[in-house]
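Peer 1: Contents of my_file29.txt (compact mmCIF, C-alpha atoms) are given next:
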```txt
# COMPACT_ATOMS: atom_id res chain seq x y z
CA MET A 1 -33.67 -195.41 39.83
CA THR A 2 -34.03 -199.21 40.08
CA ILE A 3 -33.24 -201.18 43.23
CA LYS A 4 -30.26 -202.72 41.42
CA GLN A 5 -28.89 -199.27 40.50
CA GLY A 6 -29.44 -198.08 44.07
CA LEU A 7 -27.45 -201.01 45.46
CA ARG A 8 -24.62 -200.28 43.02
CA LEU A 9 -24.57 -196.62 44.12
CA LYS A 10 -24.56 -197.63 47.79
CA HIS A 11 -21.61 -199.99 47.28
CA TRP A 12 -19.78 -197.25 45.36
CA ARG A 13 -20.25 -194.64 48.07
CA LEU A 14 -19.07 -196.84 50.95
CA PRO A 15 -15.44 -197.12 49.79
CA ARG A 16 -15.40 -193.34 49.19
CA LEU A 17 -16.58 -192.77 52.74
CA ARG A 18 -13.92 -195.13 54.09
CA TRP A 19 -11.18 -193.42 52.10
CA ARG A 20 -12.38 -190.07 53.40
CA THR A 21 -12.19 -191.36 56.97
CA ILE A 22 -8.67 -192.66 56.35
CA ALA A 23 -7.70 -189.31 54.80
CA PHE A 24 -8.95 -187.43 57.88
CA PHE A 25 -7.03 -189.80 60.18
CA LEU A 26 -3.82 -189.37 58.18
CA ALA A 27 -4.26 -185.60 58.32
CA VAL A 28 -4.26 -185.56 62.14
CA LEU A 29 -1.80 -188.46 62.52
CA GLY A 30 1.37 -187.56 64.36
CA PRO A 31 1.23 -186.06 67.87
CA GLY A 32 0.00 -189.24 69.60
CA ILE A 33 2.32 -191.70 67.85
CA ILE A 34 5.35 -189.40 68.02
CA THR A 35 4.93 -188.45 71.70
CA ALA A 36 4.42 -192.04 72.83
CA ASN A 37 7.34 -193.43 70.81
CA VAL A 38 9.79 -190.81 72.05
CA ASP A 39 9.06 -192.33 75.43
CA ASN A 40 11.27 -195.25 74.31
CA ASP A 41 14.37 -193.06 74.37
CA ALA A 42 17.90 -193.93 75.51
CA GLY A 43 16.84 -193.68 79.14
CA GLY A 44 13.76 -195.77 78.54
CA ILE A 45 15.61 -198.45 76.56
CA THR A 46 18.30 -198.67 79.24
CA THR A 47 15.66 -198.86 81.99
CA TYR A 48 13.77 -201.64 80.18
CA SER A 49 17.06 -203.44 79.44
CA LEU A 50 18.04 -203.30 83.12
CA ALA A 51 14.55 -204.45 84.14
CA GLY A 52 14.89 -207.51 81.89
CA ALA A 53 18.50 -208.22 82.85
CA GLN A 54 17.95 -207.88 86.62
CA PHE A 55 14.42 -209.25 87.05
CA GLY A 56 13.80 -211.33 83.93
CA TYR A 57 10.14 -211.29 82.90
CA HIS A 58 8.86 -210.24 86.35
CA MET A 59 8.03 -206.67 85.30
CA LEU A 60 6.15 -207.50 82.10
CA TRP A 61 2.80 -207.30 83.92
CA VAL A 62 3.54 -203.65 84.77
CA LEU A 63 3.59 -202.74 81.06
CA VAL A 64 0.03 -204.05 80.58
CA ILE A 65 -1.36 -201.86 83.36
CA ILE A 66 0.78 -198.88 82.46
CA THR A 67 -0.40 -198.99 78.84
CA ILE A 68 -3.97 -198.35 80.00
CA SER A 69 -2.79 -195.50 82.24
CA LEU A 70 -0.66 -194.06 79.42
CA ILE A 71 -3.62 -194.04 77.01
CA VAL A 72 -5.81 -192.24 79.56
CA VAL A 73 -3.17 -189.64 80.49
CA GLN A 74 -2.13 -188.91 76.89
CA GLU A 75 -5.75 -188.70 75.76
CA MET A 76 -6.47 -186.14 78.48
CA GLY A 77 -3.60 -183.94 77.31
CA ALA A 78 -4.58 -184.20 73.66
CA ARG A 79 -8.24 -183.47 74.48
CA MET A 80 -7.32 -180.38 76.51
CA GLY A 81 -5.22 -179.12 73.61
CA ALA A 82 -8.04 -179.65 71.09
CA VAL A 83 -10.71 -178.02 73.29
CA THR A 84 -8.76 -175.07 74.75
CA GLN A 85 -6.21 -174.53 71.94
CA LYS A 86 -3.65 -173.87 74.69
CA GLY A 87 -0.64 -175.78 75.97
CA LEU A 88 -0.53 -177.40 79.41
CA ALA A 89 2.00 -174.93 80.83
CA ASP A 90 -0.18 -172.06 79.61
CA LEU A 91 -3.24 -173.51 81.36
CA ILE A 92 -1.34 -174.18 84.62
CA ARG A 93 -0.17 -170.55 84.68
CA GLU A 94 -3.67 -169.23 83.99
CA GLN A 95 -5.46 -171.46 86.50
CA PHE A 96 -2.92 -171.88 89.32
CA GLY A 97 -0.67 -168.82 89.10
CA VAL A 98 2.94 -168.02 88.27
CA ARG A 99 4.42 -169.44 91.50
CA ALA A 100 3.02 -172.95 90.92
CA THR A 101 4.12 -172.77 87.29
CA PHE A 102 7.66 -171.76 88.26
CA VAL A 103 8.10 -174.65 90.72
CA VAL A 104 6.81 -177.20 88.20
CA LEU A 105 8.96 -175.77 85.41
CA LEU A 106 12.12 -175.73 87.51
CA ALA A 107 11.71 -179.39 88.44
CA LEU A 108 10.88 -180.35 84.85
CA LEU A 109 13.79 -178.35 83.46
CA ILE A 110 16.25 -180.15 85.74
CA ALA A 111 14.80 -183.54 84.76
CA ASP A 112 14.80 -182.67 81.04
CA VAL A 113 18.43 -181.53 81.06
CA GLY A 114 19.30 -184.94 82.50
CA ASN A 115 17.06 -186.64 79.94
CA THR A 116 18.71 -184.75 77.05
CA MET A 117 22.14 -185.79 78.30
CA ALA A 118 20.84 -189.37 78.38
CA GLU A 119 19.80 -189.12 74.71
CA PHE A 120 23.29 -188.12 73.60
CA ALA A 121 24.73 -190.81 75.86
CA GLY A 122 22.54 -193.21 73.87
CA VAL A 123 24.02 -191.90 70.62
CA ALA A 124 27.52 -192.48 71.99
CA TRP A 125 26.72 -196.00 73.27
CA ALA A 126 24.99 -197.09 70.05
CA CYS A 127 27.79 -195.82 67.83
CA GLU A 128 30.46 -197.45 70.01
CA VAL A 129 28.78 -200.81 69.31
CA PHE A 130 29.53 -200.16 65.64
CA GLY A 131 33.08 -198.98 66.46
CA TRP A 132 32.45 -195.26 65.89
CA SER A 133 33.99 -192.67 68.23
CA LYS A 134 31.61 -190.54 70.30
CA TYR A 135 33.83 -187.50 69.68
CA ILE A 136 32.70 -187.61 66.05
CA THR A 137 29.20 -189.06 66.25
CA VAL A 138 27.81 -186.98 69.14
CA PRO A 139 28.68 -183.59 67.58
CA LEU A 140 27.31 -184.78 64.20
CA ALA A 141 24.09 -185.94 65.88
CA ALA A 142 23.77 -182.61 67.73
CA ILE A 143 24.22 -180.63 64.51
CA PHE A 144 21.63 -182.79 62.70
CA VAL A 145 19.10 -182.44 65.53
CA TRP A 146 19.59 -178.66 65.65
CA TRP A 147 19.41 -178.26 61.86
CA LEU A 148 16.31 -180.45 61.47
CA VAL A 149 14.15 -178.38 63.83
CA LEU A 150 15.66 -174.97 63.08
CA ARG A 151 15.42 -175.26 59.28
CA GLY A 152 12.29 -177.37 58.95
CA ASN A 153 8.61 -176.57 59.36
CA TYR A 154 6.07 -178.55 61.38
CA LYS A 155 5.00 -180.82 58.50
CA SER A 156 8.52 -181.72 57.35
CA VAL A 157 9.77 -182.29 60.90
CA GLU A 158 6.73 -184.44 61.70
CA ARG A 159 7.32 -186.64 58.63
CA VAL A 160 10.89 -187.34 59.76
CA PHE A 161 9.63 -188.16 63.26
CA LEU A 162 7.00 -190.59 61.92
CA VAL A 163 9.65 -192.44 59.88
CA ALA A 164 11.76 -192.70 63.05
CA CYS A 165 8.78 -194.27 64.84
CA GLY A 166 8.76 -197.13 62.32
CA ILE A 167 12.40 -198.00 63.05
CA TYR A 168 11.42 -199.04 66.59
CA LEU A 169 10.26 -202.34 65.07
CA THR A 170 13.91 -203.45 65.26
CA TYR A 171 13.24 -204.28 68.92
CA VAL A 172 10.38 -206.57 67.98
CA PHE A 173 12.75 -208.54 65.74
CA SER A 174 15.37 -208.58 68.53
CA GLY A 175 12.80 -210.08 70.88
CA PHE A 176 12.08 -212.96 68.50
CA LEU A 177 15.78 -213.53 67.75
CA ALA A 178 16.39 -213.96 71.51
CA HIS A 179 14.20 -217.12 71.40
CA PRO A 180 12.39 -216.63 74.73
CA HIS A 181 10.27 -219.30 76.40
CA TRP A 182 6.90 -217.89 75.30
CA PRO A 183 4.64 -219.68 77.85
CA GLU A 184 6.76 -218.22 80.67
CA VAL A 185 6.68 -214.79 78.98
CA PHE A 186 2.89 -214.73 78.69
CA HIS A 187 2.44 -216.02 82.24
CA ALA A 188 4.63 -213.18 83.58
CA THR A 189 2.68 -210.70 81.46
CA LEU A 190 -0.71 -211.76 82.80
CA VAL A 191 0.14 -212.71 86.41
CA PRO A 192 1.52 -209.84 88.57
CA SER A 193 4.48 -210.31 90.91
CA PHE A 194 5.64 -207.75 93.47
CA SER A 195 8.46 -207.15 95.94
CA LEU A 196 9.24 -204.52 98.61
CA GLU A 197 12.97 -204.97 97.99
CA LYS A 198 14.60 -201.57 97.40
CA ASN A 199 16.11 -202.30 93.99
CA TYR A 200 12.78 -203.67 92.77
CA LEU A 201 10.96 -200.51 93.91
CA ILE A 202 13.57 -198.26 92.27
CA MET A 203 13.24 -200.18 89.03
CA LEU A 204 9.44 -200.16 89.24
CA ILE A 205 9.37 -196.37 89.70
CA GLY A 206 11.89 -196.01 86.88
CA VAL A 207 9.80 -198.17 84.52
CA VAL A 208 6.63 -196.22 85.28
CA GLY A 209 8.52 -192.91 85.18
CA THR A 210 10.03 -193.62 81.79
CA THR A 211 6.74 -194.99 80.38
CA ILE A 212 4.60 -192.05 81.52
CA ALA A 213 7.09 -189.17 81.60
CA PRO A 214 6.02 -185.69 82.77
CA TRP A 215 7.39 -183.91 79.68
CA MET A 216 5.13 -186.01 77.42
CA GLN A 217 1.99 -184.34 78.73
CA PHE A 218 3.34 -180.90 77.85
CA TYR A 219 4.58 -181.93 74.42
CA ILE A 220 1.46 -183.70 73.15
CA GLN A 221 -0.80 -180.81 74.13
CA SER A 222 1.49 -178.27 72.45
CA ALA A 223 1.77 -180.47 69.34
CA ILE A 224 -2.03 -180.76 69.10
CA VAL A 225 -2.34 -176.96 69.27
CA GLU A 226 0.42 -176.29 66.74
CA LYS A 227 -0.98 -178.86 64.31
CA GLY A 228 -4.33 -177.02 64.47
CA ILE A 229 -6.42 -179.99 65.65
CA ASP A 230 -9.73 -178.86 67.11
CA VAL A 231 -12.72 -180.60 68.72
CA LYS A 232 -14.23 -181.46 65.33
CA ASP A 233 -11.11 -183.40 64.28
CA TYR A 234 -10.43 -184.86 67.70
CA PRO A 235 -12.02 -188.34 67.28
CA TYR A 236 -9.31 -189.12 64.70
CA SER A 237 -6.60 -187.71 66.95
CA ARG A 238 -7.80 -189.96 69.80
CA THR A 239 -7.09 -192.99 67.56
CA ASP A 240 -3.61 -191.57 66.93
CA VAL A 241 -3.03 -191.40 70.71
CA ILE A 242 -4.25 -194.97 71.35
CA VAL A 243 -2.18 -196.45 68.50
CA GLY A 244 0.93 -194.62 69.72
CA CYS A 245 0.54 -195.76 73.33
CA ILE A 246 0.04 -199.41 72.37
CA MET A 247 2.94 -199.29 69.92
CA THR A 248 5.41 -197.83 72.43
CA ASP A 249 4.61 -200.37 75.14
CA VAL A 250 4.73 -203.31 72.72
CA VAL A 251 8.29 -202.18 71.87
CA ALA A 252 9.12 -201.85 75.60
CA TRP A 253 7.68 -205.33 76.19
CA PHE A 254 9.98 -206.84 73.53
CA ILE A 255 13.03 -205.07 75.01
CA VAL A 256 12.33 -206.63 78.42
CA VAL A 257 11.69 -210.02 76.77
CA ALA A 258 14.94 -209.88 74.75
CA CYS A 259 17.05 -209.03 77.80
CA GLY A 260 15.17 -211.40 80.11
CA ALA A 261 15.60 -214.34 77.71
CA THR A 262 19.34 -213.76 77.30
CA LEU A 263 20.98 -211.61 79.99
CA PHE A 264 18.87 -212.64 83.01
CA ALA A 265 18.81 -216.29 81.96
CA ASN A 266 22.63 -216.31 81.72
CA HIS A 267 23.25 -214.09 84.78
CA VAL A 268 24.89 -211.35 82.70
CA GLY A 269 25.09 -207.99 84.48
CA ILE A 270 24.80 -204.77 82.50
CA GLU A 271 24.81 -201.04 83.24
CA THR A 272 23.73 -199.54 79.90
CA ALA A 273 21.83 -200.33 76.71
CA LYS A 274 25.24 -200.53 74.99
CA ASP A 275 26.23 -203.34 77.38
CA ALA A 276 22.96 -205.07 76.54
CA ALA A 277 23.62 -204.87 72.78
CA LEU A 278 27.18 -206.19 73.13
CA ALA A 279 26.10 -208.97 75.50
CA LEU A 280 23.49 -210.14 73.00
CA VAL A 281 26.18 -211.11 70.43
CA PRO A 282 27.25 -214.44 72.01
CA LEU A 283 23.79 -215.11 73.48
CA ALA A 284 21.43 -214.30 70.58
CA GLY A 285 23.67 -213.65 67.59
CA LYS A 286 25.18 -210.55 65.97
CA TYR A 287 22.00 -209.67 64.05
CA CYS A 288 20.02 -209.40 67.27
CA ALA A 289 22.75 -207.14 68.71
CA ILE A 290 22.92 -204.99 65.55
CA LEU A 291 19.15 -204.50 65.54
CA PHE A 292 19.25 -203.61 69.24
CA ALA A 293 22.02 -201.03 68.71
CA ALA A 294 20.33 -199.60 65.58
CA GLY A 295 17.12 -199.15 67.56
CA LEU A 296 19.05 -197.38 70.32
CA LEU A 297 20.71 -194.98 67.85
CA ASN A 298 17.39 -194.16 66.20
CA ALA A 299 15.66 -193.66 69.55
CA SER A 300 18.45 -191.46 70.90
CA ILE A 301 18.56 -189.08 67.93
CA PHE A 302 14.76 -189.00 67.69
CA SER A 303 14.39 -188.21 71.39
CA ALA A 304 17.23 -185.68 71.32
CA CYS A 305 15.01 -183.72 68.91
CA ILE A 306 11.81 -183.99 70.94
CA LEU A 307 12.91 -183.52 74.57
CA PRO A 308 14.54 -180.08 74.11
CA LEU A 309 11.57 -179.19 71.90
CA ALA A 310 9.11 -180.10 74.67
CA THR A 311 11.15 -178.06 77.17
CA SER A 312 11.21 -175.05 74.86
CA TYR A 313 7.45 -175.32 74.34
CA TYR A 314 6.44 -175.32 78.00
CA VAL A 315 8.94 -172.67 79.14
CA CYS A 316 7.83 -170.26 76.39
CA GLU A 317 4.15 -171.00 76.99
CA SER A 318 4.52 -170.33 80.70
CA PHE A 319 6.06 -166.89 80.25
CA GLY A 320 4.17 -165.81 77.13
CA PHE A 321 7.00 -166.08 74.57
CA GLU A 322 6.32 -167.08 70.96
CA ALA A 323 6.93 -170.79 70.34
CA GLY A 324 6.67 -173.34 67.52
CA VAL A 325 8.73 -174.89 64.72
CA ASP A 326 6.53 -173.16 62.14
CA ARG A 327 7.92 -169.82 63.31
CA GLN A 328 11.23 -168.42 62.12
CA PHE A 329 14.13 -167.73 64.48
CA LYS A 330 13.48 -163.97 64.59
CA GLN A 331 9.80 -164.61 65.41
CA ALA A 332 10.54 -166.96 68.34
CA PRO A 333 14.13 -166.25 69.49
CA VAL A 334 13.65 -167.47 73.08
CA PHE A 335 12.13 -170.74 71.84
CA TYR A 336 15.03 -171.47 69.47
CA TRP A 337 17.79 -170.25 71.81
CA LEU A 338 16.49 -172.48 74.60
CA TYR A 339 16.27 -175.41 72.18
CA SER A 340 19.86 -174.76 71.02
CA LEU A 341 21.15 -174.42 74.59
CA MET A 342 19.60 -177.74 75.63
CA ILE A 343 21.34 -179.49 72.71
CA ILE A 344 24.70 -177.83 73.46
CA ILE A 345 24.54 -178.82 77.14
CA GLY A 346 23.25 -182.32 76.41
CA GLY A 347 25.78 -183.09 73.67
CA GLY A 348 28.71 -181.27 75.30
CA PHE A 349 28.30 -183.02 78.65
CA ILE A 350 28.73 -186.43 77.03
CA LEU A 351 32.11 -185.44 75.62
CA LEU A 352 33.54 -184.71 79.08
CA PRO A 353 35.82 -187.45 80.47
CA HIS A 354 35.03 -189.48 83.61
CA ILE A 355 31.29 -188.71 83.62
CA ASN A 356 29.04 -191.34 85.22
CA LEU A 357 26.42 -191.42 82.49
CA VAL A 358 24.58 -194.37 84.02
CA ALA A 359 23.88 -192.43 87.22
CA VAL A 360 22.64 -189.41 85.25
CA LEU A 361 20.39 -191.62 83.16
CA LEU A 362 18.83 -193.62 85.99
CA ILE A 363 18.37 -190.61 88.26
CA SER A 364 16.55 -188.75 85.46
CA GLN A 365 14.14 -191.67 85.07
CA VAL A 366 13.42 -191.90 88.81
CA VAL A 367 12.94 -188.10 88.98
CA ASN A 368 10.38 -188.48 86.17
CA GLY A 369 8.50 -191.00 88.29
CA ILE A 370 8.54 -188.73 91.36
CA LEU A 371 7.40 -185.66 89.38
CA LEU A 372 4.58 -187.44 87.56
CA PRO A 373 1.94 -187.34 90.35
CA PHE A 374 2.21 -183.55 90.64
CA ILE A 375 1.69 -183.10 86.88
CA LEU A 376 -1.24 -185.53 86.91
CA ILE A 377 -2.94 -183.66 89.77
CA TYR A 378 -2.77 -180.41 87.78
CA MET A 379 -4.08 -182.19 84.67
CA LEU A 380 -6.99 -183.77 86.54
CA LYS A 381 -8.04 -180.45 88.03
CA LEU A 382 -7.90 -178.82 84.60
CA ILE A 383 -9.65 -181.60 82.66
CA ASN A 384 -12.54 -181.67 85.17
CA ASN A 385 -13.03 -177.89 85.08
CA LYS A 386 -16.39 -177.44 83.29
CA ARG A 387 -15.74 -173.73 82.67
CA LEU A 388 -12.62 -174.74 80.79
CA MET A 389 -13.67 -177.99 79.11
CA GLY A 390 -17.47 -177.73 78.87
CA GLU A 391 -18.97 -181.09 77.91
CA HIS A 392 -15.50 -182.56 77.31
CA VAL A 393 -14.63 -183.12 80.97
CA ASN A 394 -13.43 -186.56 82.07
CA THR A 395 -15.80 -189.49 82.36
CA PRO A 396 -15.91 -191.26 85.77
CA THR A 397 -13.93 -194.19 84.30
CA PHE A 398 -11.14 -191.91 83.09
CA ASN A 399 -11.01 -190.21 86.50
CA VAL A 400 -10.72 -193.55 88.30
CA ILE A 401 -7.79 -194.67 86.10
CA ALA A 402 -6.00 -191.30 86.20
CA TRP A 403 -6.41 -190.83 89.97
CA GLY A 404 -5.43 -194.49 90.45
CA THR A 405 -2.19 -193.89 88.51
CA THR A 406 -1.48 -190.80 90.62
CA ILE A 407 -2.11 -192.59 93.93
CA VAL A 408 0.00 -195.60 92.91
CA MET A 409 2.94 -193.34 91.97
CA ILE A 410 2.69 -191.48 95.29
CA GLY A 411 2.53 -194.84 97.08
CA LEU A 412 5.58 -196.22 95.26
CA THR A 413 7.58 -193.06 95.96
CA LEU A 414 6.71 -193.16 99.68
CA ALA A 415 7.53 -196.89 99.79
CA LEU A 416 10.94 -196.17 98.25
CA VAL A 417 11.63 -193.47 100.86
CA VAL A 418 10.54 -195.73 103.75
CA VAL A 419 12.64 -198.68 102.51
CA THR A 420 15.68 -196.39 102.05
CA VAL A 421 15.32 -194.97 105.60
CA LEU A 422 14.85 -198.42 107.14
CA GLN A 423 17.91 -199.73 105.30
CA SER A 424 19.98 -196.77 106.44
CA PHE A 425 19.15 -197.65 110.07
CA HIS A 426 19.76 -201.36 109.36
CA VAL A 427 16.17 -202.22 110.23
CA ILE A 428 15.97 -204.23 107.00
CA SER A 429 18.80 -205.64 104.91
```
Is it possible to express this structure as C-alpha cells?

Peer 2:
Amino acid sequence: MTIKQGLRLKHWRLPRLRWRTIAFFLAVLGPGIITANVDNDAGGITTYSLAGAQFGYHMLWVLVIITISLIVVQEMGARMGAVTQKGLADLIREQFGVRATFVVLLALLIADVGNTMAEFAGVAWACEVFGWSKYITVPLAAIFVWWLVLRGNYKSVERVFLVACGIYLTYVFSGFLAHPHWPEVFHATLVPSFSLEKNYLIMLIGVVGTTIAPWMQFYIQSAIVEKGIDVKDYPYSRTDVIVGCIMTDVVAWFIVVACGATLFANHVGIETAKDAALALVPLAGKYCAILFAAGLLNASIFSACILPLATSYYVCESFGFEAGVDRQFKQAPVFYWLYSLMIIIGGGFILLPHINLVAVLLISQVVNGILLPFILIYMLKLINNKRLMGEHVNTPTFNVIAWGTTIVMIGLTLALVVVTVLQSFHVIS
C-alpha cells in the first residue's frame, strides 16, 4: 500500500468511526434529557414565572450554580443505575433497611401526589388561555397520559417523550419576544444577589426544589436500568445527562427572563403560569403569550406522564413488585394500578370546585426542596460505597459539589424556619 492510499484509507475510516460514536450516543439517548426536561413541569414553570415576576432578574445567578449541582446529582444517579443495575429505592432498601425506605417513600409519595395535581392544573391553565374548558381538556389529557404508558413499550414511549422535550424551545422564543435589556440580564446571571427576606427564601428554596427534585433521582436511575445501559455504554449516557441538565436550565433561564422583562418591569402581579401567559399579551404580544401557553401545555402533559411513572417505579422497587413499561399489565399489576391511581387523583382533584391550586403547587415545590437533602445524603453514601460501586465511586470534586448542594439546602431550610419563627414573634417585619 502506498502512502497516498494509506492516507485515503485513514480519511475514510474517520467518518465511519464518528458515525459509530453518534450511533452509540443515539442508542443510549433518552433518560438524561427526559428526566431533566420533566423538571420544567407546571410547578417549575409557575415557580420560575413567579421568580421573574416578583424578583426580576435577581434569581438568574441561582440557575448557573444549580445547573452544575444538577449535572453532578443526575450523573450520580445514572452511574449508580449503570453499575448496579438497580433502582435507587431498591438500593436504599438493601443498604439502609425497610424503615428508612418507608419514611422516604411516604414523604415522596405525598410530594408526588401534589406534583401530579400541579401537572393537571397546568393542563387546565394552559387550555384556558386558548379558551378551552378544563372539564373537557383535563379528562382528555388524563386518558391520553394513561393510554400512552399502558399501551406503549419503553422505546415508543421514550420517542414521544423526546419529541416533547423539543417543544420546550417555545420558551426560548418567548424570552426573545419579551425584548429584555440583555446587559442587565447577563449582569444578574453572573453577579449573585441575596436576601434574608422570607419571601425571597421561600422562592429560593422553591427554585432549587423544582430544579433538583427528589423524584428525578429515582426516575433516572430506574430509566437507566430499564433501558439496559451498563458500564460499557455509560460514557455516552453521561453526555445525555449533561445535555439534558443544560437544556432544562437554559429553558428555566428564559422563563425568568421573559417574566422579569415584562411582568416585573411593569409591576404586574401573578399567581400562576396562566396569569403569566395572559399578562404577556399586552406587554410582549400575543405570539409570546401563545408560545408561553403552548410550552405550559406540553410541559404539563409530559410531566403528568413521568411523575406518576417515577412514583410507581420507586414504590414497586422498594417492596419487590415487578415494574416497567415494557411489562404487560398482568405482569406488573401493582405498577400499573399505582400509575392509574395517581392519574385519577391528580386529574380528578383539578375538577373539584373552589380548590386553591396555587397553594398546592407552591407547597409541593417547597416540600421538594426540604426533602432533597435527605435523598442526597442517601445517594452520597451509596455512591461512595466501594463494595457497591467498585472503581466507579465519586471523585473528590463530585463529593464537594454534591455535599455542598446538600449543606446549602439544609441551610436554606433552617433559615426559612428561623425567619418564619422570628416573624411570628414580631422580632422582624

Peer 1: For segment 281-298 of chain A, list every protein, DNA or RNA residue within 8 Å, evaluated using only C-alpha atoms, and leave out those in the same chain fewer than 4 positions away; present the list as a ChimeraX atom specification.

Peer 2: /A:41-42,45,122-123,126-127,129,164,167-171,173-174,177-179,262-263,273-274,277,302

Peer 1: With only C-alpha atoms as the atoms that count, which of A:Ala78, A:Gln221, A:Ala402, A:Leu278 lies nearest to Glu128 of chain A?

Peer 2: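 Of A:Ala78, A:Gln221, A:Ala402, A:Leu278, the one nearest Glu128 of chain A, counting only C-alpha atoms, is A:Leu278.
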
Peer 1: Would you write out, as a Markdown table, a table of all residues in segment 86-138 of chain A that have an atom no more than 12 Å from an atom of segment 225-249 of chain A, listing for each the closest atom pair and the distance in Å to one decimal, considering all atoms listed in the file and ordering rows by chain and rising residue number?

Peer 2:
```
| residue | atom | partner | partner_atom | distance |
| --- | --- | --- | --- | --- |
| A:Lys86 | CA | A:Val225 | CA | 6.4 |
| A:Gly87 | CA | A:Val225 | CA | 7.0 |
| A:Leu88 | CA | A:Val225 | CA | 10.3 |
| A:Asp90 | CA | A:Val225 | CA | 11.6 |
```

Peer 1: Can you pull out the residues contacting Met379 of chain A? Cut-off 9 Å, using only C-alpha atoms, and skip same-chain residues under 5 positions away; I want them as a VMD selection string.

Peer 2: chain A and resid 73 76 to 77 80 88 92 217 374 384

Peer 1: Between atom CA of Thr406 of chain A and atom CA of Pro373 of chain A, what distance in Å does the model show, to one decimal?

Peer 2: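 We find that atom CA of Thr406 of chain A and atom CA of Pro373 of chain A lie 4.9 Å from each other.
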
Peer 1: What's around Gly348 of chain A at 10 Å? Count all atoms listed in the file, leave out sequence neighbours fewer than 5 positions away in its own chain, and write the answer as a list of chain:residue names.

Peer 2: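 So the residues in contact are A:Met117, A:Phe120, A:Tyr135, A:Val138, A:Pro139, A:Ala142, A:Met342, A:Ile343.
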
Peer 1: As an exercise, work out the distance from atom CA of Glu119 of chain A to atom CA of Ile350 of chain A in Å and give it to one decimal place.

Peer 2: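 For atom CA of Glu119 of chain A relative to atom CA of Ile350 of chain A, the distance reads 9.6 Å.
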
Peer 1: Using all atoms listed in the file, can you tell me which of A:Ala36, A:Ala100, A:Leu190, A:Val145 comes closest to Val62 of chain A?

Peer 2: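 Closest to Val62 of chain A, using all atoms listed in the file: A:Leu190.
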
Peer 1: Check the smallest atom-to-atom distance from each of A:Phe96, A:Tyr200, A:Phe186, A:Phe161 to Ser318 of chain A using only C-alpha atoms, then report the winner.

Peer 2: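 Among A:Phe96, A:Tyr200, A:Phe186, A:Phe161, it is A:Phe96 that comes nearest to Ser318 of chain A.
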
Peer 1: At a cut-off of 8 Å, can you tabulate as CSV every residue of segment 267-315 of chain A near segment 109-112 of chain A together with its closest atom pair and the distance in Å to one decimal, using all atoms listed in the file and ordering rows by chain then number?

Peer 2:
```
residue,atom,partner,partner_atom,distance
A:Leu307,CA,A:Asp112,CA,6.8
A:Pro308,CA,A:Asp112,CA,7.4
A:Thr311,CA,A:Leu109,CA,6.8
```

Peer 1: Using Å and a single decimal, report how far atom CA of Phe329 of chain A sits from atom CA of Arg151 of chain A.

Peer 2: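 Between atom CA of Arg151 of chain A and atom CA of Phe329 of chain A the gap works out to 9.2 Å.
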
Peer 1: Env of Val185 of chain A: 9 Å cut, atoms = only C-alpha atoms, seq-sep filter 2 positions within chain, self excluded. Answer as a list of chain:residue names.

Peer 2: A:Tyr57, A:His58, A:Leu60, A:Pro180, A:His181, A:Trp182, A:Pro183, A:His187, A:Ala188, A:Thr189, A:Leu190, A:Val257

Peer 1: May I have the centre and edge lengths, in Å to one decimal, of an axis-aligned box around the listed atoms of segment 323-326 of chain A with 3 Å added to every side, as JSON?

Peer 2:
```
{"center_x": 7.6, "center_y": -172.8, "center_z": 66.2, "size_x": 8.2, "size_y": 10.1, "size_z": 14.2}
```

Peer 1: Within 10 Å of (10.4, -169.3, 82.2) (coordinates as in the file), grab all the protein and nucleic acid residues, counting all atoms listed in the file, and write them out as a PyMOL selection string.

Peer 2: chain A and resi 98+101-102+105-106+109+312+314-321+334
